[in-house]
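Asks: Below is structure07.cif; it holds mmCIF, C-alpha atoms.
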```cif
data_model
loop_
_atom_site.label_atom_id
_atom_site.label_comp_id
_atom_site.auth_asym_id
_atom_site.auth_seq_id
_atom_site.Cartn_x
_atom_site.Cartn_y
_atom_site.Cartn_z
CA MET A 1 148.16 -13.19 143.32
CA LYS A 2 144.65 -11.71 143.59
CA PRO A 3 141.65 -13.56 142.05
CA ILE A 4 141.16 -10.87 139.38
CA ALA A 5 144.81 -11.18 138.33
CA HIS A 6 144.41 -14.98 138.13
CA ALA A 7 141.37 -14.56 135.88
CA ARG A 8 143.18 -12.16 133.54
CA LEU A 9 146.20 -14.44 133.29
CA THR A 10 143.99 -17.47 132.62
CA LEU A 11 142.03 -15.75 129.87
CA LEU A 12 145.26 -14.49 128.27
CA VAL A 13 146.85 -17.95 128.19
CA TRP A 14 143.76 -19.69 126.87
CA SER A 15 143.08 -16.99 124.27
CA ILE A 16 146.52 -17.85 122.86
CA LEU A 17 145.85 -21.60 122.97
CA PHE A 18 142.36 -21.56 121.39
CA PRO A 19 143.32 -20.55 117.82
CA LEU A 20 145.86 -23.39 117.74
CA CYS A 21 143.17 -26.01 118.26
CA SER A 22 140.23 -27.34 116.29
CA GLY A 23 137.17 -29.31 117.28
CA PHE A 24 133.41 -29.12 117.71
CA ALA A 25 131.01 -28.31 120.50
CA THR A 26 130.25 -31.07 123.02
CA GLU A 27 127.51 -29.39 124.98
CA ARG A 28 126.45 -30.18 128.53
CA TYR A 29 122.71 -30.41 129.12
CA PHE A 30 122.96 -29.93 132.91
CA THR A 31 125.16 -27.76 135.11
CA TYR A 32 125.20 -29.71 138.40
CA THR A 33 124.84 -33.20 136.89
CA TYR A 34 127.48 -34.74 134.65
CA GLU A 35 126.62 -37.01 131.72
CA PRO A 36 128.53 -40.25 131.05
CA GLU A 37 129.79 -39.26 127.59
CA THR A 38 133.39 -38.07 127.27
CA MET A 39 135.00 -35.87 124.62
CA PRO A 40 136.42 -37.39 121.40
CA LYS A 41 140.16 -37.96 121.38
CA GLY A 42 142.10 -34.78 120.59
CA SER A 43 139.16 -32.41 121.17
CA LEU A 44 139.80 -29.24 123.18
CA GLU A 45 137.15 -27.01 124.74
CA TYR A 46 137.05 -24.02 127.05
CA GLU A 47 134.18 -23.70 129.54
CA GLN A 48 133.39 -20.69 131.69
CA TRP A 49 131.37 -21.42 134.83
CA VAL A 50 129.49 -18.76 136.80
CA THR A 51 127.61 -19.86 139.94
CA LEU A 52 125.51 -17.68 142.24
CA ARG A 53 124.62 -18.93 145.72
CA ALA A 54 122.25 -16.40 147.27
CA GLY A 55 120.26 -16.01 150.48
CA ARG A 56 121.20 -17.23 153.94
CA SER A 57 119.65 -16.55 157.32
CA ALA A 58 120.30 -13.37 159.30
CA ALA A 59 120.19 -15.65 162.35
CA VAL A 60 123.65 -16.97 161.41
CA GLY A 61 125.04 -13.46 160.83
CA GLN A 62 124.92 -13.45 157.03
CA ASP A 63 122.10 -11.19 155.92
CA ASN A 64 121.87 -10.45 152.17
CA PHE A 65 124.35 -13.24 151.47
CA ASN A 66 125.73 -13.66 147.92
CA ARG A 67 128.57 -15.86 146.79
CA TRP A 68 129.79 -15.74 143.18
CA GLU A 69 131.94 -18.69 142.10
CA LEU A 70 133.99 -18.62 138.89
CA ARG A 71 135.58 -21.67 137.31
CA HIS A 72 137.79 -21.39 134.22
CA GLU A 73 138.01 -24.83 132.61
CA LEU A 74 140.18 -26.22 129.85
CA GLU A 75 138.89 -29.66 128.81
CA TYR A 76 140.76 -32.16 126.61
CA GLY A 77 139.87 -35.56 125.19
CA VAL A 78 142.91 -37.73 125.98
CA THR A 79 141.20 -40.78 124.45
CA ASP A 80 137.65 -41.38 123.27
CA ASN A 81 136.88 -42.73 126.77
CA TYR A 82 138.99 -40.45 128.99
CA THR A 83 138.60 -36.69 129.42
CA LEU A 84 140.94 -34.49 131.45
CA SER A 85 140.06 -30.96 132.64
CA LEU A 86 142.11 -28.25 134.32
CA TYR A 87 140.27 -25.65 136.43
CA LEU A 88 141.19 -22.36 138.06
CA ASN A 89 138.66 -21.56 140.80
CA GLU A 90 137.79 -18.18 142.30
CA SER A 91 134.99 -16.75 144.44
CA VAL A 92 133.61 -13.48 145.79
CA GLU A 93 131.45 -13.55 148.93
CA THR A 94 129.42 -10.64 150.30
CA PHE A 95 127.01 -10.31 153.23
CA ARG A 96 125.87 -7.86 155.91
CA SER A 97 126.23 -8.43 159.63
CA PRO A 98 122.77 -7.96 161.23
CA GLN A 99 124.37 -7.05 164.55
CA SER A 100 126.74 -4.29 163.42
CA GLY A 101 125.27 -3.46 160.00
CA GLU A 102 128.76 -3.83 158.55
CA HIS A 103 129.12 -5.11 155.00
CA HIS A 104 131.72 -7.80 154.35
CA THR A 105 133.37 -8.72 151.05
CA HIS A 106 135.82 -11.60 150.66
CA LEU A 107 137.76 -12.36 147.49
CA HIS A 108 139.31 -15.82 147.41
CA PHE A 109 141.40 -17.90 145.05
CA ASP A 110 139.95 -21.39 145.53
CA GLY A 111 142.80 -23.26 143.96
CA VAL A 112 143.48 -25.52 141.01
CA SER A 113 141.43 -28.63 140.15
CA LEU A 114 142.23 -31.54 137.87
CA GLU A 115 139.14 -33.43 136.74
CA ASN A 116 139.43 -37.00 135.47
CA ARG A 117 136.42 -38.60 133.77
CA LEU A 118 136.53 -42.19 132.47
CA MET A 119 133.63 -43.61 130.43
CA VAL A 120 133.27 -47.28 131.39
CA LEU A 121 130.05 -48.03 129.46
CA ASN A 122 129.20 -46.02 126.36
CA PRO A 123 125.45 -45.20 126.39
CA ALA A 124 125.42 -45.63 122.60
CA ASP A 125 126.22 -49.33 123.09
CA HIS A 126 124.59 -50.14 126.43
CA ALA A 127 121.21 -49.74 128.10
CA VAL A 128 122.75 -47.27 130.57
CA GLY A 129 125.96 -45.29 130.23
CA LEU A 130 128.46 -45.31 133.09
CA ALA A 131 131.40 -43.03 133.86
CA LEU A 132 133.71 -42.66 136.87
CA TYR A 133 134.93 -39.25 138.03
CA LEU A 134 137.80 -38.10 140.26
CA GLU A 135 138.69 -34.46 140.95
CA PRO A 136 141.41 -33.34 143.37
CA ARG A 137 141.61 -29.62 144.24
CA PHE A 138 144.43 -27.83 146.04
CA ALA A 139 144.52 -24.23 147.31
CA GLY A 140 147.46 -24.08 149.71
CA ASP A 141 145.61 -23.92 153.04
CA GLU A 142 142.76 -26.16 151.86
CA ALA A 143 142.20 -29.17 149.63
CA GLU A 144 139.37 -31.36 148.36
CA LEU A 145 138.91 -34.74 146.73
CA GLU A 146 135.63 -35.43 144.90
CA GLN A 147 134.40 -38.72 143.44
CA ARG A 148 131.32 -39.39 141.30
CA ILE A 149 129.48 -42.31 139.80
CA ILE A 150 127.79 -41.01 136.64
CA LEU A 151 124.86 -42.76 134.96
CA GLY A 152 122.82 -41.63 131.96
CA GLN A 153 121.14 -42.37 128.65
CA ARG A 154 119.41 -40.75 125.68
CA LEU A 155 115.93 -41.94 124.65
CA GLY A 156 114.85 -40.22 121.45
CA ASP A 157 114.54 -36.51 122.17
CA TRP A 158 114.90 -37.14 125.92
CA LYS A 159 118.08 -37.43 127.93
CA TRP A 160 118.66 -38.14 131.61
CA ALA A 161 121.64 -38.36 133.94
CA LEU A 162 122.13 -39.36 137.58
CA ASN A 163 125.18 -38.61 139.73
CA LEU A 164 126.15 -40.07 143.11
CA THR A 165 128.85 -37.88 144.65
CA HIS A 166 131.11 -37.99 147.68
CA ALA A 167 133.72 -35.36 148.58
CA THR A 168 136.16 -34.75 151.41
CA GLU A 169 137.31 -31.19 152.11
CA TRP A 170 140.26 -30.19 154.29
CA SER A 171 140.35 -26.55 155.48
CA ASP A 172 141.93 -24.38 158.21
CA ASP A 173 145.46 -25.28 157.04
CA LEU A 174 144.26 -28.84 156.41
CA LYS A 175 143.34 -29.33 160.09
CA THR A 176 139.54 -29.48 159.65
CA THR A 177 137.78 -32.21 157.68
CA GLU A 178 134.26 -32.20 156.25
CA GLY A 179 132.52 -34.86 154.24
CA GLU A 180 129.87 -34.11 151.62
CA VAL A 181 127.36 -36.47 150.05
CA GLU A 182 125.24 -35.44 147.09
CA MET A 183 122.77 -36.90 144.61
CA SER A 184 121.82 -35.00 141.48
CA LEU A 185 119.42 -35.86 138.67
CA GLY A 186 118.75 -34.17 135.34
CA LEU A 187 116.07 -34.74 132.71
CA THR A 188 115.91 -32.75 129.47
CA ARG A 189 114.10 -32.79 126.12
CA GLN A 190 115.22 -31.42 122.78
CA VAL A 191 112.94 -28.65 121.52
CA GLY A 192 113.75 -27.63 117.96
CA ARG A 193 117.22 -27.56 116.46
CA HIS A 194 119.06 -25.43 119.02
CA TRP A 195 117.23 -25.80 122.35
CA ASN A 196 116.84 -28.30 125.18
CA VAL A 197 114.69 -27.67 128.25
CA GLY A 198 114.25 -29.78 131.34
CA LEU A 199 114.52 -30.16 135.11
CA GLU A 200 117.47 -30.59 137.45
CA VAL A 201 117.28 -31.80 141.06
CA ARG A 202 120.08 -31.80 143.64
CA ASP A 203 120.29 -32.99 147.25
CA HIS A 204 123.40 -31.91 149.19
CA ASN A 205 124.49 -33.01 152.68
CA GLU A 206 127.35 -32.00 155.00
CA ILE A 207 129.09 -34.30 157.51
CA PRO A 208 131.64 -32.35 159.63
CA GLU A 209 134.62 -34.49 160.68
CA TYR A 210 132.52 -37.51 159.58
CA ARG A 211 130.97 -37.51 163.05
CA ILE A 212 127.43 -36.20 162.56
CA TRP A 213 125.11 -35.77 159.60
CA GLU A 214 124.74 -32.01 160.06
CA ASN A 215 122.23 -30.98 157.39
CA THR A 216 120.48 -31.67 154.11
CA ALA A 217 119.20 -29.35 151.38
CA LEU A 218 117.08 -30.26 148.37
CA TYR A 219 117.08 -28.03 145.28
CA ALA A 220 114.97 -28.33 142.12
CA GLY A 221 114.43 -26.10 139.12
CA PRO A 222 114.48 -25.65 135.34
CA VAL A 223 117.49 -26.14 133.10
CA ALA A 224 117.85 -24.87 129.52
CA THR A 225 120.53 -25.37 126.86
CA TYR A 226 121.17 -23.37 123.69
CA ARG A 227 123.74 -24.72 121.21
CA GLN A 228 125.49 -23.75 118.02
CA GLU A 229 128.18 -25.58 116.07
CA LYS A 230 131.13 -24.09 117.97
CA TRP A 231 129.59 -23.01 121.28
CA TRP A 232 126.79 -23.73 123.73
CA ALA A 233 125.33 -22.37 126.97
CA THR A 234 123.41 -24.12 129.76
CA LEU A 235 121.61 -22.40 132.64
CA THR A 236 120.07 -23.94 135.77
CA VAL A 237 117.98 -21.99 138.30
CA MET A 238 117.25 -24.00 141.45
CA PRO A 239 115.54 -22.70 144.60
CA GLN A 240 115.86 -24.70 147.79
CA VAL A 241 112.55 -26.55 148.17
CA PHE A 242 113.33 -28.33 151.43
CA GLY A 243 116.11 -28.36 153.98
CA ALA A 244 116.84 -29.38 157.55
CA ASN A 245 119.64 -28.80 160.05
CA PHE A 246 120.04 -31.60 162.58
CA ASN A 247 122.22 -29.55 164.91
CA GLY A 248 119.64 -27.33 166.64
CA ASN A 249 118.34 -25.44 163.58
CA PRO A 250 120.71 -22.43 163.84
CA GLY A 251 119.21 -20.90 160.68
CA GLY A 252 115.85 -20.50 162.41
CA ASN A 253 113.78 -21.85 159.52
CA SER A 254 111.50 -24.86 159.94
CA TRP A 255 111.55 -25.98 156.30
CA LEU A 256 114.81 -24.63 154.77
CA GLU A 257 118.47 -25.09 155.73
CA LEU A 258 119.97 -21.58 155.66
CA GLU A 259 123.17 -21.93 157.65
CA GLY A 260 125.35 -24.03 155.33
CA HIS A 261 123.11 -23.66 152.26
CA GLU A 262 121.33 -20.90 150.37
CA ARG A 263 117.81 -20.19 149.16
CA TRP A 264 118.95 -20.05 145.54
CA ASN A 265 121.55 -21.86 143.44
CA VAL A 266 122.00 -20.51 139.90
CA ARG A 267 124.65 -21.75 137.49
CA LEU A 268 125.58 -20.81 133.93
CA ILE A 269 128.17 -22.73 131.88
CA VAL A 270 129.26 -21.53 128.45
CA GLY A 271 131.48 -23.77 126.30
CA PHE A 272 133.59 -22.94 123.23
CA SER A 273 135.32 -25.39 120.89
CA PHE A 274 138.14 -24.35 118.58
#
```
Show the structure stored in the file as structure tokens.

Replies:
Amino acid sequence: MKPIAHARLTLLVWSILFPLCSGFATERYFTYTYEPETMPKGSLEYEQWVTLRAGRSAAVGQDNFNRWELRHELEYGVTDNYTLSLYLNESVETFRSPQSGEHHTHLHFDGVSLENRLMVLNPADHAVGLALYLEPRFAGDEAELEQRIILGQRLGDWKWALNLTHATEWSDDLKTTEGEVEMSLGLTRQVGRHWNVGLEVRDHNEIPEYRIWENTALYAGPVATYRQEKWWATLTVMPQVFGANFNGNPGGNSWLELEGHERWNVRLIVGFSF
């Protein structure tokens, strides 16, 4: 089934489910960094993710590179401390070959994910909140397993969260393995009744076959949240501020990593509770 057909089917199914459920908005204040809080038991929420990864180096054959990633998420509070989420993942990738001038477009169904988030320490009762995260993803010819340690706390109008992430991805009919290590940090402040504004920072690293530490890329930029009673939206815009490739600098840039990473990461998440 094509990605567009998957999206239509997903929206149809969830549009039927939503009116059967009731709840309230449990907004996210960051888009790359999870917070330790989980949803209340019995709560159901739909989240639509849209991520743009833009700008790679023509030196690696991907001029005018854009990758749009869509995640359709249904999130449910199994208990007050355990949240379960089902994702359908899709992407569209476009770029131009500098050698031939040919434009390439690739539509891809990136599989199904099942996110498990367990709150070990509630930040309302402890100096620092703690949650553990496990997300397997399967797409037929590829698979991924992601783990996170999630820390965070609210201090008056301020809120912060820190994630330590490791993931293993199997591709090429599960024959190729790549490790990923990431640290992300978010800091936000409430401004008025409906708004939060802050900063999000993310450092991402790739380790092919767990043999060499191939690259690193550091992103930083503003994050803003708008919330209402039944819905919310959070947007992060992060340019790459520093990057390095330790495998001969194929991207041809002395201060950015533009082979496996992009100049810009932009993510919007919109959540609806019913």

Asks: Go through region 48-157 of chain A residue by residue and, counting all atoms listed in the file, keep those with an atom at most 6 Å from region 251-259 of chain A; for each kept residue give the shortest atom pair and its distance in Å to one decimal, ordered by chain and increasing number, as CSV.

Replies:
```
residue,atom,partner,partner_atom,distance
A:Arg56,CA,A:Leu258,CA,4.8
A:Ser57,CA,A:Leu258,CA,5.3
A:Ala59,CA,A:Gly251,CA,5.6
A:Val60,CA,A:Gly251,CA,6.0
```

Asks: May I have the residues within 10 Å of Asn81 (chain A) as a list in words, using all atoms listed in the file and disregarding those fewer than 5 positions away in the same chain?

Replies: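 Within the cut-off, the hits are Pro36, Glu37, Thr38, Met39, Pro40, Lys41, Arg117, Leu118, Met119, Val120, Leu121, Asn122 and Ala131 of chain A.
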
Asks: Write to file, as a CSV table (one decimal), in the frame of the given file, the residues of the selection just made, with C-alpha atoms.

Replies:
```csv
chain,number,residue,atom,x,y,z
A,36,PRO,CA,128.5,-40.2,131.0
A,37,GLU,CA,129.8,-39.3,127.6
A,38,THR,CA,133.4,-38.1,127.3
A,39,MET,CA,135.0,-35.9,124.6
A,40,PRO,CA,136.4,-37.4,121.4
A,41,LYS,CA,140.2,-38.0,121.4
A,117,ARG,CA,136.4,-38.6,133.8
A,118,LEU,CA,136.5,-42.2,132.5
A,119,MET,CA,133.6,-43.6,130.4
A,120,VAL,CA,133.3,-47.3,131.4
A,121,LEU,CA,130.0,-48.0,129.5
A,122,ASN,CA,129.2,-46.0,126.4
A,131,ALA,CA,131.4,-43.0,133.9
```

Asks: Skipping near chain neighbours, those fewer than 6 positions away, what residues fall within 10 Å of region 158-165 of chain A using all atoms listed in the file, listed as number ranges by chain?

Replies: A: 29-30, 32-36, 128-134, 146-152, 180-191, 196-202, 204

Asks: Applying 7 Å and all atoms listed in the file, which residues near Leu218 (chain A) remain after dropping the ones on its own chain fewer than 6 positions away? List them as JSON, numbers by chain.

Replies: {"A": [202, 203, 204, 240, 241, 242, 243]}

Asks: What would the file look like if the residues just selected were written as a compact mmCIF listing (two decimals), in the frame of the given file with C-alpha atoms?

Replies:
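The result, stored in out_16.txt:
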```txt
# COMPACT_ATOMS: atom_id res chain seq x y z
CA ARG A 202 120.08 -31.80 143.64
CA ASP A 203 120.29 -32.99 147.25
CA HIS A 204 123.40 -31.91 149.19
CA GLN A 240 115.86 -24.70 147.79
CA VAL A 241 112.55 -26.55 148.17
CA PHE A 242 113.33 -28.33 151.43
CA GLY A 243 116.11 -28.36 153.98
```

Asks: Using the chain letters and numbers from the file, give me the residues hit by the PyMOL selection byres ((chain A and resi 137-141) around 8), as a list in words.

Replies: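 Applying the expression gives Phe109, Asp110, Gly111, Val112, Ser113, Leu114, Glu135, Pro136, Glu142, Ala143, Glu144, Leu145, Ser171, Asp172, Asp173 and Leu174 of chain A.
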
Asks: Which distance in Å separates CA of Thr51 (chain A) and CA of Gly192 (chain A), to one decimal?

Replies: 27.1 Å

Asks: If you apply the PyMOL selection byres ((chain A and resi 206) around 9) to this file, what residues do you get, as a ChimeraX atom specification?

Replies: /A:178-182,204-205,207-208,210,212-216,260

Asks: Rounded to one decimal, what separation in Å do you get between CA of Ser100 (chain A) and CA of Asp63 (chain A)?

Replies: 11.2 Å

Asks: Quick one: distance from CA of Leu52 (chain A) to CA of Gln153 (chain A) in Å, one decimal?

Replies: 28.5 Å

Asks: Would you mind listing what lies within 12 Å of Arg96 (chain A) as a PyMOL selection string, with all atoms listed in the file counted and same-chain residues fewer than 2 positions away left out?

Replies: chain A and resi 55-66+93-94+98-106

Asks: Taking only C-alpha atoms into account, which of A:Val92, A:Asn247, A:Gly156, A:Val78 comes nearest Val50 (chain A)?

Replies: A:Val92

Asks: What residues come out when you apply the PyMOL selection byres ((chain A and resi 239) around 6) to this file, written as a list in words?

Replies: Tyr219, Met238, Gln240, Arg263 and Trp264 of chain A

Asks: Need to verify the contact set: Tyr46 (chain A), 9 Å, all atoms listed in the file, exclusion of same-chain residues closer than 2 positions in sequence. Can you return it as a list in words?

Replies: Trp14, Phe18, Leu44, Gln48, His72, Glu73, Leu74, Glu75, Tyr76, Val270, Gly271, Phe272, Ser273 and Phe274 of chain A

Asks: For the selection just defined, write its residues with C-alpha atoms to a file, as a PDB file, in the frame of the given file.

Replies:
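Here's the written file result-v6.pdb:
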```
ATOM      1  CA  TRP A  14     143.760 -19.690 126.870  1.00  0.00           C
ATOM      2  CA  PHE A  18     142.360 -21.560 121.390  1.00  0.00           C
ATOM      3  CA  LEU A  44     139.800 -29.240 123.180  1.00  0.00           C
ATOM      4  CA  GLN A  48     133.390 -20.690 131.690  1.00  0.00           C
ATOM      5  CA  HIS A  72     137.790 -21.390 134.220  1.00  0.00           C
ATOM      6  CA  GLU A  73     138.010 -24.830 132.610  1.00  0.00           C
ATOM      7  CA  LEU A  74     140.180 -26.220 129.850  1.00  0.00           C
ATOM      8  CA  GLU A  75     138.890 -29.660 128.810  1.00  0.00           C
ATOM      9  CA  TYR A  76     140.760 -32.160 126.610  1.00  0.00           C
ATOM     10  CA  VAL A 270     129.260 -21.530 128.450  1.00  0.00           C
ATOM     11  CA  GLY A 271     131.480 -23.770 126.300  1.00  0.00           C
ATOM     12  CA  PHE A 272     133.590 -22.940 123.230  1.00  0.00           C
ATOM     13  CA  SER A 273     135.320 -25.390 120.890  1.00  0.00           C
ATOM     14  CA  PHE A 274     138.140 -24.350 118.580  1.00  0.00           C
TER      15      PHE A 274
END
```

Asks: Rank nothing, just name the residue among A:Arg154, A:Arg227, A:Arg67, A:His166 nearest to Ile269 (chain A), using only C-alpha atoms.

Replies: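 Of all the options, A:Arg227 lies closest to Ile269 (chain A).
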